[in-house]
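Peer 1: Here you go, one structure.
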Amino acid sequence: MSEQEEFDVIVVGAGVGGLYAIHRLRKLGLKVRAFEAAADVGGTWYWNRYPGCRCDVESLEYSYSFSDELQQEWRWPERYGTQPEILRYINHVADRFDLRRDIEFSTRVKQAVFDGATNSWTVKTDTGKTVTARYCIMATGNLSTPRKPNIAGLDSFEGKWYHTGLWPHEGVDFTGLRVGVIGTGSSGVQSIPIIAKQAEHLYVFQRTANFSLPARNMPMPAEKERTHKAEYPERRRAAYDTPFGIAGHPPPVKSALEASEEERQSAYEAKWAEGGSISFLYSYTDLLLKKESNDTAAEFVRRKIRTTVKDPKTAELLCPDNHPIGTKRLILDTDYYETYNRDNVTLVDIRSKPIQEVTPAGLRTADADYALDAIVFATGFDAMTGAMKEIDIHTDAGLSIQAKWEDGPRTYLGLMIAGFPNLFMITGPQSPGVKTQMILSCEQHVNWIADCIQYLRDHGLTRIEAEQNAENAWVQHNNEVADRTLYPLANSWYVGANIPGKPRVFMPYVGGVPAYKKKCDEVAANGYEGFCLGTCAEEQRFAAN
Ligand SMILES: Cc1cc2nc3c(=O)[nH]c(=O)nc-3n(C[C@H](O)[C@H](O)[C@H](O)COP(=O)(O)OP(=O)(O)OC[C@H]3O[C@@H](n4cnc5c(N)ncnc54)[C@H](O)[C@@H]3O)c2cc1C
């Protein structure tokens, strides 16, 4: 027999977003229940345990700001946190704020149904549980639905295969094995140098060459930690005034085309030596806006690849040629290009000679057979919409998320969806989330949602829904902003291009954190402009006008 409990808020997902939501909502006195498919907290950092998995935002930035004691006391040993370090940190947060008691682990939400008569969501899990709550918050993550390998013959493979986003907890030892890595996005680029050191031979199967910059990771300099921590309050505030939500990088002052060739080279060299992607993209004002400017930075990186990789043919294959730099997620690496100078590493071009099938003994491409003992799929995620669309989310009015988002996601501010009252998203599509330091964006969204729920309670209201017109205008604005940039030129997961058949829609908001946060704050200050507030479906009051 299934039991049914009632809560004020259901949170789906216990990554950094879901955890902060539990903490913040509990402080409002709300009864919260979270469900997490994994056996423990951490989200991204729970699942992605592949070798070399590491943050590409500096750890002093990529961390919660909501507790000054926490940010002062936590010690990050390196400039960029490794996956185990970040997971340790998230576990510490869960313990410190006693968050686990409200989470049911190893429990996947399968269905969420809205009832307009009671203004509540009923959620069903794969453990047979049914619970109801006034509000439901999807903290299901943007990069949490690993793209399943869909290659003929995989079942026949006699070796072992892995997906970087579902890595075995006990780790994998590739010593003495012939290994194939498929995919050269961030997960591939981070893992390849480490797998190469273990494997007897590593074959990297590359369809698209991506831009990668040196991370220049290092042990955390004591002085840097001391000054950063001393300046934390101002730095956290300043982060909201930067496009990507990351403080500490002086904003660019001029176009790349206003600088001489010599000046540009020395600017790019300095950024290359410093390490990090934000700093590099901040070289000039228009690297993501003007193709001619972008070309100067892209060509600089291609020259670096050509001088690093000794075999000219391999170097040329590694040079990205089909998208402007920065329009796909800019990767940070440690010794990625250098790895191709090893005798036991072979780069295989599967753009010109595609993979045809997996055989019992390995992989067959259009022109060769590769004998493999293990295959690593670094093929990414059904990003931004995958996790939500895996859940049967619908309303008693007959609207489902699958139908609503059939041609791509439509949201108001990436926070709510017209037709789905009382359903919030953390860093949903059409918010800047994935283009930012994501813990900052999670905190901003959770704070907005918590304030909103508080407002509704204070005003005796039980229902909030994005208005269709507001959503339409936001989607249009989102597209217009993207079209003013170079982003749509890339076949990236930002447009769903990595998933066959996914509608091509540019999903993140790229107008920057300051413009976005200002809009969210104004909407709230104006009594939740663009949202329809009410007590039940029949007696609604419009917030705006
Ligand atoms: C390899 C990798 C590296 C990254 N590096 C960076 C970085 O350097 N900087 C940065 O800002 N961001 C980075 N990100 C993005 C990262 O996802 C975010 O920073 C952040 O961890 C997202 O937290 P979240 O809580 O929103 O989502 P997630 O961490 O994805 O958590 C979502 C959780 O929801 C659960 N879930 C989903 N559906 C259901 C369901 N139906 N029922 C129950 N549970 C469900 C999932 O199991 C998951 O645990 C990286 C992502 C990846 C994959």
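Quick note on naming: the chains in the structure tokens go A, B, ... in the order shown, residues restart at 1 in each chain, and ligands are numbered from 1 in order of appearance.
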I need the alpha helix (DSSP H) residues of range 103-232 of chain A per DSSP on the backbone, written as an mmCIF file with N, CA, C and O atoms, in the first residue's frame.
Peer 2:
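Okay, this is what ended up in states16.cif:
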data_model
loop_
_atom_site.group_PDB
_atom_site.id
_atom_site.type_symbol
_atom_site.label_atom_id
_atom_site.label_comp_id
_atom_site.auth_asym_id
_atom_site.auth_seq_id
_atom_site.Cartn_x
_atom_site.Cartn_y
_atom_site.Cartn_z
ATOM 1 N N SER A 186 34.438 18.628 -22.449
ATOM 2 C CA SER A 186 35.166 18.849 -21.200
ATOM 3 C C SER A 186 35.549 17.542 -20.489
ATOM 4 O O SER A 186 36.692 17.352 -20.067
ATOM 5 N N SER A 187 34.599 16.594 -20.385
ATOM 6 C CA SER A 187 34.890 15.351 -19.653
ATOM 7 C C SER A 187 35.984 14.553 -20.357
ATOM 8 O O SER A 187 36.871 13.989 -19.700
ATOM 9 N N GLY A 188 35.925 14.495 -21.685
ATOM 10 C CA GLY A 188 36.962 13.791 -22.441
ATOM 11 C C GLY A 188 38.314 14.453 -22.254
ATOM 12 O O GLY A 188 39.314 13.798 -21.936
ATOM 13 N N VAL A 189 38.340 15.757 -22.403
ATOM 14 C CA VAL A 189 39.611 16.494 -22.319
ATOM 15 C C VAL A 189 40.230 16.382 -20.915
ATOM 16 O O VAL A 189 41.450 16.296 -20.764
ATOM 17 N N GLN A 190 39.383 16.361 -19.890
ATOM 18 C CA GLN A 190 39.924 16.228 -18.526
ATOM 19 C C GLN A 190 40.453 14.812 -18.267
ATOM 20 O O GLN A 190 41.439 14.627 -17.563
ATOM 21 N N SER A 191 39.772 13.812 -18.822
ATOM 22 C CA SER A 191 40.157 12.429 -18.480
ATOM 23 C C SER A 191 41.270 11.877 -19.368
ATOM 24 O O SER A 191 42.037 11.011 -18.928
ATOM 25 N N ILE A 192 41.371 12.351 -20.603
ATOM 26 C CA ILE A 192 42.321 11.773 -21.566
ATOM 27 C C ILE A 192 43.773 11.776 -21.049
ATOM 28 O O ILE A 192 44.457 10.744 -21.107
ATOM 29 N N PRO A 193 44.286 12.886 -20.513
ATOM 30 C CA PRO A 193 45.695 12.861 -20.055
ATOM 31 C C PRO A 193 45.945 11.830 -18.956
ATOM 32 O O PRO A 193 47.029 11.239 -18.889
ATOM 33 N N ILE A 194 44.948 11.589 -18.129
ATOM 34 C CA ILE A 194 45.142 10.645 -17.018
ATOM 35 C C ILE A 194 45.003 9.206 -17.502
ATOM 36 O O ILE A 194 45.828 8.348 -17.173
ATOM 37 N N ILE A 195 44.006 8.955 -18.342
ATOM 38 C CA ILE A 195 43.846 7.599 -18.879
ATOM 39 C C ILE A 195 45.082 7.231 -19.715
ATOM 40 O O ILE A 195 45.568 6.099 -19.674
ATOM 41 N N ALA A 196 45.616 8.222 -20.435
ATOM 42 C CA ALA A 196 46.795 7.955 -21.287
ATOM 43 C C ALA A 196 47.985 7.456 -20.470
ATOM 44 O O ALA A 196 48.786 6.647 -20.944
ATOM 45 N N LYS A 197 48.086 7.950 -19.240
ATOM 46 C CA LYS A 197 49.229 7.560 -18.396
ATOM 47 C C LYS A 197 49.077 6.112 -17.918
ATOM 48 O O LYS A 197 50.059 5.484 -17.552
ATOM 49 N N GLN A 198 47.842 5.608 -17.891
ATOM 50 C CA GLN A 198 47.634 4.232 -17.416
ATOM 51 C C GLN A 198 47.580 3.219 -18.557
ATOM 52 O O GLN A 198 48.101 2.123 -18.446
ATOM 53 N N ALA A 222 48.811 30.470 -0.048
ATOM 54 C CA ALA A 222 48.276 30.891 1.256
ATOM 55 C C ALA A 222 47.836 32.359 1.221
ATOM 56 O O ALA A 222 46.776 32.724 1.748
ATOM 57 N N GLU A 223 48.624 33.187 0.546
ATOM 58 C CA GLU A 223 48.310 34.608 0.522
ATOM 59 C C GLU A 223 47.027 34.888 -0.272
ATOM 60 O O GLU A 223 46.198 35.717 0.114
ATOM 61 N N LYS A 224 46.874 34.143 -1.357
ATOM 62 C CA LYS A 224 45.666 34.295 -2.180
ATOM 63 C C LYS A 224 44.427 33.909 -1.355
ATOM 64 O O LYS A 224 43.417 34.615 -1.366
ATOM 65 N N GLU A 225 44.536 32.819 -0.626
ATOM 66 C CA GLU A 225 43.397 32.376 0.194
ATOM 67 C C GLU A 225 43.080 33.431 1.262
ATOM 68 O O GLU A 225 41.923 33.787 1.485
ATOM 69 N N ARG A 226 44.133 33.945 1.884
ATOM 70 C CA ARG A 226 43.941 34.909 2.966
ATOM 71 C C ARG A 226 43.243 36.174 2.449
ATOM 72 O O ARG A 226 42.243 36.626 3.008
ATOM 73 N N THR A 227 43.756 36.736 1.356
ATOM 74 C CA THR A 227 43.161 37.996 0.876
ATOM 75 C C THR A 227 41.760 37.753 0.324
ATOM 76 O O THR A 227 40.847 38.553 0.532
ATOM 77 N N HIS A 228 41.593 36.625 -0.373
ATOM 78 C CA HIS A 228 40.267 36.334 -0.933
ATOM 79 C C HIS A 228 39.232 36.245 0.192
ATOM 80 O O HIS A 228 38.147 36.823 0.098
ATOM 81 N N LYS A 229 39.599 35.518 1.243
ATOM 82 C CA LYS A 229 38.648 35.345 2.352
ATOM 83 C C LYS A 229 38.375 36.676 3.052
ATOM 84 O O LYS A 229 37.243 36.940 3.472
ATOM 85 N N ALA A 230 39.413 37.499 3.157
ATOM 86 C CA ALA A 230 39.216 38.810 3.795
ATOM 87 C C ALA A 230 38.250 39.665 2.973
ATOM 88 O O ALA A 230 37.511 40.490 3.513
ATOM 89 N N TYR A 232 35.842 38.443 1.001
ATOM 90 C CA TYR A 232 34.711 37.651 0.526
ATOM 91 C C TYR A 232 33.413 38.448 0.355
ATOM 92 O O TYR A 232 32.786 38.385 -0.717
#
Peer 1: Ligand 1: which residues are within 8 Å, counting only C-alpha atoms and all ligand atoms, as number ranges by chain?
Peer 2: A: 12-19, 35-38, 41-48, 53-58, 62, 106-110, 125, 139-145, 165, 186-187, 380-381, 387-388, 390-391, 426-427, 434-439, 442
Peer 1: Pick the closest to Tyr516 in chain A from A:Arg351, A:Pro360, A:Arg303, A:Tyr240: which is it, counting only C-alpha atoms?
Peer 2: A:Tyr240
Peer 1: Just the residues within 12 Å of Arg410 in chain A, please, counting only C-alpha atoms, with nothing from its chain fewer than 4 positions along; format it as a ChimeraX atom specification.
Peer 2: /A:384-385,401-406,414-420,428-431,466-479,505-509
Peer 1: Would you list the contacts of Asp311 in chain A as a list in words, taking every protein, DNA or RNA residue within 9 Å and counting only C-alpha atoms, but skipping same-chain residues closer than 3 positions in sequence?
Peer 2: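 Once the adjacent positions are removed, what remains is Arg306, Thr314, Ala315, Glu316, Tyr340 and Asn341 of chain A.
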Peer 1: Go ahead and write the residues just picked, all heavy atoms, as an mmCIF file, in the first residue's frame.
Peer 2:
data_model
loop_
_atom_site.group_PDB
_atom_site.id
_atom_site.type_symbol
_atom_site.label_atom_id
_atom_site.label_comp_id
_atom_site.auth_asym_id
_atom_site.auth_seq_id
_atom_site.Cartn_x
_atom_site.Cartn_y
_atom_site.Cartn_z
ATOM 1 N N ARG A 306 49.385 24.025 -32.501
ATOM 2 C CA ARG A 306 50.378 23.604 -33.512
ATOM 3 C C ARG A 306 51.791 23.576 -32.937
ATOM 4 O O ARG A 306 52.603 22.745 -33.330
ATOM 5 C CB ARG A 306 50.326 24.539 -34.729
ATOM 6 C CG ARG A 306 49.037 24.375 -35.531
ATOM 7 C CD ARG A 306 49.005 25.279 -36.755
ATOM 8 N NE ARG A 306 47.682 25.240 -37.365
ATOM 9 C CZ ARG A 306 46.862 26.289 -37.469
ATOM 10 N NH1 ARG A 306 47.225 27.482 -37.032
ATOM 11 N NH2 ARG A 306 45.687 26.144 -38.035
ATOM 12 N N THR A 314 48.309 15.433 -36.569
ATOM 13 C CA THR A 314 47.497 15.365 -35.340
ATOM 14 C C THR A 314 47.162 16.783 -34.876
ATOM 15 O O THR A 314 46.020 17.076 -34.485
ATOM 16 C CB THR A 314 48.275 14.606 -34.243
ATOM 17 O OG1 THR A 314 48.636 13.321 -34.745
ATOM 18 C CG2 THR A 314 47.451 14.444 -32.986
ATOM 19 N N ALA A 315 48.157 17.663 -34.920
ATOM 20 C CA ALA A 315 47.935 19.052 -34.481
ATOM 21 C C ALA A 315 46.806 19.681 -35.285
ATOM 22 O O ALA A 315 45.909 20.330 -34.724
ATOM 23 C CB ALA A 315 49.215 19.860 -34.633
ATOM 24 N N GLU A 316 46.822 19.468 -36.590
ATOM 25 C CA GLU A 316 45.812 20.081 -37.447
ATOM 26 C C GLU A 316 44.419 19.546 -37.116
ATOM 27 O O GLU A 316 43.450 20.302 -37.071
ATOM 28 C CB GLU A 316 46.169 19.813 -38.920
ATOM 29 C CG GLU A 316 45.921 20.979 -39.848
ATOM 30 C CD GLU A 316 46.277 22.352 -39.273
ATOM 31 O OE1 GLU A 316 47.408 22.544 -38.788
ATOM 32 O OE2 GLU A 316 45.386 23.229 -39.273
ATOM 33 N N TYR A 340 49.093 14.227 -26.697
ATOM 34 C CA TYR A 340 49.173 13.654 -28.054
ATOM 35 C C TYR A 340 50.621 13.463 -28.516
ATOM 36 O O TYR A 340 50.854 12.904 -29.583
ATOM 37 C CB TYR A 340 48.357 14.511 -29.040
ATOM 38 C CG TYR A 340 46.883 14.384 -28.745
ATOM 39 C CD1 TYR A 340 46.239 15.289 -27.894
ATOM 40 C CD2 TYR A 340 46.151 13.318 -29.239
ATOM 41 C CE1 TYR A 340 44.894 15.140 -27.572
ATOM 42 C CE2 TYR A 340 44.800 13.165 -28.925
ATOM 43 C CZ TYR A 340 44.180 14.074 -28.095
ATOM 44 O OH TYR A 340 42.855 13.904 -27.773
ATOM 45 N N ASN A 341 51.585 13.887 -27.717
ATOM 46 C CA ASN A 341 52.990 13.613 -28.041
ATOM 47 C C ASN A 341 53.440 12.264 -27.482
ATOM 48 O O ASN A 341 54.573 11.853 -27.706
ATOM 49 C CB ASN A 341 53.889 14.728 -27.490
ATOM 50 C CG ASN A 341 53.614 16.043 -28.198
ATOM 51 O OD1 ASN A 341 53.193 16.045 -29.357
ATOM 52 N ND2 ASN A 341 53.822 17.154 -27.508
#
Peer 1: Under the rule that only C-alpha atoms are counted, which of A:Glu274, A:Asp8, A:Asp241, A:Asp115 is the nearest residue to Gly398 in chain A?
Peer 2: A:Asp115
Peer 1: Have a look at CA of Arg364 in chain A and CA of Tyr203 in chain A and let me know their distance in Å, one decimal.
Peer 2: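 So the answer is 12.3 Å.
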Peer 1: Could you give me the residues within range 48-160 of chain A that DSSP places in strand (DSSP E or B), as a list in words?
Peer 2: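 For range 48-160 of chain A, the strand (DSSP E or B) set is Arg54, Glu78, Thr82, Ile103, Glu104, Val109, Lys110, Gln111, Ala112, Val113, Phe114, Asp115, Ser120, Trp121, Thr122, Val123, Lys124, Thr125, Thr130, Val131, Thr132, Ala133, Arg134, Tyr135, Cys136, Ile137, Met138, Pro146 and Lys160 of chain A.
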Peer 1: Between CA of Thr307 in chain A and CA of Arg264 in chain A, what is the distance, to one decimal in Å?
Peer 2: 18.2 Å
Peer 1: Could you tell me how far CA of Arg33 in chain A sits from CA of Asp102 in chain A, in Å to one decimal place?
Peer 2: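 Atom-to-atom, CA of Asp102 in chain A and CA of Arg33 in chain A are spaced 5.2 Å apart.
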Peer 1: Can you tell me which residues surround Thr485 in chain A at a distance of at most 10 Å, considering only C-alpha atoms, apart from same-chain residues fewer than 6 positions away, and format the answer as a list in words?
Peer 2: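 Answer for this query is Asp286, Leu287, Leu288, Leu289, Lys290, Lys291, Thr327, Val510 and Gly511 of chain A.
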Peer 1: Save the residues we just selected, N, CA and C atoms, as a tab-separated table (two decimals), in the first residue's frame?
Peer 2:
chain	number	residue	atom	x	y	z
A	286	ASP	N	34.69	42.26	-27.35
A	286	ASP	CA	33.80	41.75	-28.40
A	286	ASP	C	34.16	40.35	-28.89
A	287	LEU	N	34.86	39.58	-28.05
A	287	LEU	CA	35.26	38.25	-28.51
A	287	LEU	C	34.06	37.34	-28.76
A	288	LEU	N	32.97	37.59	-28.04
A	288	LEU	CA	31.78	36.74	-28.24
A	288	LEU	C	30.72	37.44	-29.09
A	289	LEU	N	31.11	38.61	-29.62
A	289	LEU	CA	30.12	39.40	-30.37
A	289	LEU	C	30.48	39.56	-31.84
A	290	LYS	N	31.79	39.60	-32.13
A	290	LYS	CA	32.21	39.92	-33.49
A	290	LYS	C	33.15	38.83	-34.00
A	291	LYS	N	32.80	38.26	-35.13
A	291	LYS	CA	33.56	37.11	-35.65
A	291	LYS	C	35.04	37.49	-35.90
A	327	THR	N	32.11	29.83	-27.95
A	327	THR	CA	30.68	29.63	-28.23
A	327	THR	C	30.22	28.24	-27.84
A	510	VAL	N	21.98	34.66	-22.40
A	510	VAL	CA	23.38	35.13	-22.46
A	510	VAL	C	23.49	36.66	-22.34
A	511	GLY	N	22.47	37.26	-21.75
A	511	GLY	CA	22.52	38.71	-21.52
A	511	GLY	C	23.34	39.08	-20.29
Peer 1: Ranking A:Pro320, A:Glu261, A:Gln72, A:Arg24 by minimum distance to Trp448 in chain A and counting only C-alpha atoms, which one comes first?
Peer 2: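 Using only C-alpha atoms, Trp448 in chain A sits closest to A:Arg24.
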Peer 1: Just the residues within 9 Å of Thr395 in chain A, please, counting only C-alpha atoms, with nothing from its chain fewer than 5 positions along; format it as a list in words.
Peer 2: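 Skipping anything fewer than 5 positions along the chain leaves Ala112, Val113, Phe114, Asp115, Gly116, Trp121, Ser400, Gly419, Phe420 and Pro421 of chain A.
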Peer 1: Would you put the residues from that selection into a file with all heavy atoms, as a tab-separated table (two decimals), in the first residue's frame?
Peer 2:
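Result file is result-v1.tsv:
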chain	number	residue	atom	x	y	z
A	112	ALA	N	4.82	14.12	-11.68
A	112	ALA	CA	4.36	15.25	-10.87
A	112	ALA	C	3.11	15.80	-11.54
A	112	ALA	O	3.15	16.16	-12.72
A	112	ALA	CB	5.44	16.32	-10.77
A	113	VAL	N	2.01	15.85	-10.80
A	113	VAL	CA	0.72	16.26	-11.38
A	113	VAL	C	0.15	17.42	-10.57
A	113	VAL	O	0.07	17.33	-9.34
A	113	VAL	CB	-0.29	15.08	-11.38
A	113	VAL	CG1	-1.59	15.51	-12.07
A	113	VAL	CG2	0.30	13.86	-12.08
A	114	PHE	N	-0.26	18.48	-11.27
A	114	PHE	CA	-0.84	19.64	-10.57
A	114	PHE	C	-2.35	19.54	-10.53
A	114	PHE	O	-2.99	19.23	-11.54
A	114	PHE	CB	-0.43	20.94	-11.28
A	114	PHE	CG	-0.94	22.16	-10.58
A	114	PHE	CD1	-0.38	22.56	-9.38
A	114	PHE	CD2	-1.99	22.90	-11.11
A	114	PHE	CE1	-0.86	23.69	-8.70
A	114	PHE	CE2	-2.47	24.03	-10.45
A	114	PHE	CZ	-1.90	24.41	-9.25
A	115	ASP	N	-2.89	19.83	-9.36
A	115	ASP	CA	-4.34	19.83	-9.18
A	115	ASP	C	-4.80	21.27	-8.93
A	115	ASP	O	-4.47	21.86	-7.90
A	115	ASP	CB	-4.69	18.92	-7.99
A	115	ASP	CG	-6.18	18.96	-7.66
A	115	ASP	OD1	-6.96	19.48	-8.50
A	115	ASP	OD2	-6.55	18.51	-6.58
A	116	GLY	N	-5.53	21.82	-9.89
A	116	GLY	CA	-5.96	23.21	-9.80
A	116	GLY	C	-7.00	23.46	-8.71
A	116	GLY	O	-7.17	24.60	-8.27
A	121	TRP	N	0.75	20.02	-5.92
A	121	TRP	CA	1.39	19.03	-6.77
A	121	TRP	C	1.40	17.68	-6.06
A	121	TRP	O	1.68	17.61	-4.85
A	121	TRP	CB	2.84	19.43	-7.07
A	121	TRP	CG	2.92	20.51	-8.10
A	121	TRP	CD1	2.94	21.85	-7.89
A	121	TRP	CD2	2.96	20.34	-9.52
A	121	TRP	NE1	2.98	22.54	-9.08
A	121	TRP	CE2	3.00	21.62	-10.10
A	121	TRP	CE3	2.96	19.22	-10.37
A	121	TRP	CZ2	3.05	21.81	-11.49
A	121	TRP	CZ3	3.01	19.41	-11.75
A	121	TRP	CH2	3.05	20.69	-12.30
A	400	SER	N	1.13	18.82	-20.64
A	400	SER	CA	2.32	18.10	-20.17
A	400	SER	C	3.58	18.87	-20.56
A	400	SER	O	3.58	19.62	-21.55
A	400	SER	CB	2.38	16.69	-20.75
A	400	SER	OG	2.76	16.77	-22.11
A	419	GLY	N	1.33	27.79	-17.60
A	419	GLY	CA	0.52	26.55	-17.64
A	419	GLY	C	0.87	25.59	-16.52
A	419	GLY	O	0.16	24.60	-16.32
A	420	PHE	N	1.95	25.87	-15.80
A	420	PHE	CA	2.39	24.96	-14.71
A	420	PHE	C	2.51	25.75	-13.40
A	420	PHE	O	3.62	26.10	-12.97
A	420	PHE	CB	3.72	24.30	-15.08
A	420	PHE	CG	3.63	23.38	-16.26
A	420	PHE	CD1	3.69	23.89	-17.55
A	420	PHE	CD2	3.43	22.03	-16.09
A	420	PHE	CE1	3.56	23.06	-18.65
A	420	PHE	CE2	3.31	21.17	-17.18
A	420	PHE	CZ	3.38	21.70	-18.47
A	421	PRO	N	1.39	26.04	-12.76
A	421	PRO	CA	1.43	26.86	-11.54
A	421	PRO	C	2.24	26.19	-10.44
A	421	PRO	O	2.31	24.95	-10.37
A	421	PRO	CB	-0.04	26.96	-11.12
A	421	PRO	CG	-0.83	26.51	-12.30
A	421	PRO	CD	0.04	25.58	-13.08
Peer 1: Would you pick out the contacts of Ser156 in chain A at 12 Å or less, using only C-alpha atoms, so that residues sharing its chain but fewer than 3 positions from it are not included, and give the list as a list of chain:residue names?
Peer 2: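 In the requested format, the answer is A:Ile151, A:Ala152, A:Gly153, A:Gly159, A:Lys160, A:Trp161, A:Glu357, A:Val358, A:Thr359, A:Pro360, A:Ala361, A:Gly362, A:Leu363.
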Peer 1: Could you write those residues out with all heavy atoms, as a short mmCIF file (atom, residue, chain, number, x, y, z; two decimals), in the first residue's frame?
Peer 2:
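The result, stored in again24.cif:
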data_model
loop_
_atom_site.label_atom_id
_atom_site.label_comp_id
_atom_site.auth_asym_id
_atom_site.auth_seq_id
_atom_site.Cartn_x
_atom_site.Cartn_y
_atom_site.Cartn_z
N ILE A 151 25.14 3.24 -30.11
CA ILE A 151 25.97 2.75 -31.21
C ILE A 151 25.63 1.28 -31.43
O ILE A 151 25.58 0.50 -30.46
CB ILE A 151 27.47 2.89 -30.90
CG1 ILE A 151 27.81 4.34 -30.59
CG2 ILE A 151 28.33 2.39 -32.06
CD1 ILE A 151 29.27 4.59 -30.34
N ALA A 152 25.43 0.94 -32.65
CA ALA A 152 25.09 -0.46 -32.97
C ALA A 152 26.17 -1.39 -32.43
O ALA A 152 27.37 -1.08 -32.52
CB ALA A 152 24.97 -0.61 -34.48
N GLY A 153 25.76 -2.49 -31.88
CA GLY A 153 26.71 -3.53 -31.47
C GLY A 153 27.25 -3.40 -30.07
O GLY A 153 28.03 -4.26 -29.63
N GLY A 159 34.61 -6.23 -23.98
CA GLY A 159 35.33 -5.48 -22.94
C GLY A 159 34.33 -4.76 -22.05
O GLY A 159 33.14 -5.08 -22.02
N LYS A 160 34.83 -3.73 -21.31
CA LYS A 160 33.92 -2.98 -20.44
C LYS A 160 33.75 -1.57 -20.99
O LYS A 160 34.67 -1.02 -21.58
CB LYS A 160 34.53 -2.89 -19.04
CG LYS A 160 34.53 -4.24 -18.36
CD LYS A 160 34.59 -4.06 -16.87
CE LYS A 160 34.28 -5.38 -16.18
NZ LYS A 160 34.97 -5.54 -14.95
N TRP A 161 32.58 -1.00 -20.79
CA TRP A 161 32.40 0.39 -21.22
C TRP A 161 31.83 1.22 -20.07
O TRP A 161 31.18 0.71 -19.17
CB TRP A 161 31.56 0.50 -22.49
CG TRP A 161 30.14 0.06 -22.40
CD1 TRP A 161 29.63 -1.18 -22.70
CD2 TRP A 161 29.00 0.86 -22.02
NE1 TRP A 161 28.27 -1.20 -22.52
CE2 TRP A 161 27.84 0.03 -22.10
CE3 TRP A 161 28.84 2.18 -21.61
CZ2 TRP A 161 26.57 0.50 -21.79
CZ3 TRP A 161 27.57 2.65 -21.31
CH2 TRP A 161 26.46 1.81 -21.40
N GLU A 357 30.21 0.83 -35.90
CA GLU A 357 29.63 -0.06 -34.90
C GLU A 357 30.67 -0.46 -33.86
O GLU A 357 31.87 -0.31 -34.07
CB GLU A 357 29.07 -1.33 -35.57
CG GLU A 357 30.11 -2.13 -36.30
CD GLU A 357 29.57 -3.42 -36.91
OE1 GLU A 357 28.56 -3.94 -36.39
OE2 GLU A 357 30.16 -3.92 -37.87
N VAL A 358 30.14 -0.95 -32.75
CA VAL A 358 31.00 -1.59 -31.77
C VAL A 358 31.00 -3.07 -32.12
O VAL A 358 29.96 -3.64 -32.44
CB VAL A 358 30.46 -1.38 -30.34
CG1 VAL A 358 31.33 -2.10 -29.32
CG2 VAL A 358 30.39 0.11 -30.00
N THR A 359 32.18 -3.67 -32.11
CA THR A 359 32.29 -5.09 -32.41
C THR A 359 32.63 -5.80 -31.10
O THR A 359 32.98 -5.14 -30.11
CB THR A 359 33.42 -5.34 -33.43
OG1 THR A 359 34.66 -4.94 -32.81
CG2 THR A 359 33.21 -4.55 -34.70
N PRO A 360 32.57 -7.11 -31.04
CA PRO A 360 32.96 -7.78 -29.81
C PRO A 360 34.37 -7.40 -29.38
O PRO A 360 34.67 -7.30 -28.19
CB PRO A 360 32.87 -9.27 -30.18
CG PRO A 360 31.82 -9.31 -31.25
CD PRO A 360 31.99 -8.04 -32.04
N ALA A 361 35.23 -7.11 -30.36
CA ALA A 361 36.64 -6.85 -30.04
C ALA A 361 36.99 -5.37 -29.96
O ALA A 361 38.12 -5.03 -29.62
CB ALA A 361 37.52 -7.52 -31.08
N GLY A 362 36.07 -4.49 -30.28
CA GLY A 362 36.43 -3.07 -30.23
C GLY A 362 35.49 -2.19 -31.03
O GLY A 362 34.28 -2.35 -30.98
N LEU A 363 36.08 -1.28 -31.81
CA LEU A 363 35.28 -0.30 -32.55
C LEU A 363 35.63 -0.36 -34.03
O LEU A 363 36.80 -0.47 -34.40
CB LEU A 363 35.64 1.11 -32.07
CG LEU A 363 34.72 1.82 -31.10
CD1 LEU A 363 35.27 3.20 -30.80
CD2 LEU A 363 33.31 1.95 -31.66
#
Peer 1: Have a look at A:Tyr268, A:Phe211, A:Phe66, A:Phe424 and name the one nearest to Thr411 in chain A; count only C-alpha atoms.
Peer 2: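 Nearest to Thr411 in chain A: A:Phe424.
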Peer 1: Pick the closest to Glu61 in chain A from A:Asp407, A:Glu231, A:Asp335, A:Glu529: which is it, counting only C-alpha atoms?
Peer 2: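 Going through A:Asp407, A:Glu231, A:Asp335, A:Glu529 one by one, the smallest distance to Glu61 in chain A is for A:Glu231.
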Peer 1: Which is closer to Thr308 in chain A than all the others in A:Thr339, A:Ile86, A:Asn322, A:Thr296, using only C-alpha atoms?
Peer 2: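 Of A:Thr339, A:Ile86, A:Asn322, A:Thr296, the one nearest Thr308 in chain A, counting only C-alpha atoms, is A:Thr339.
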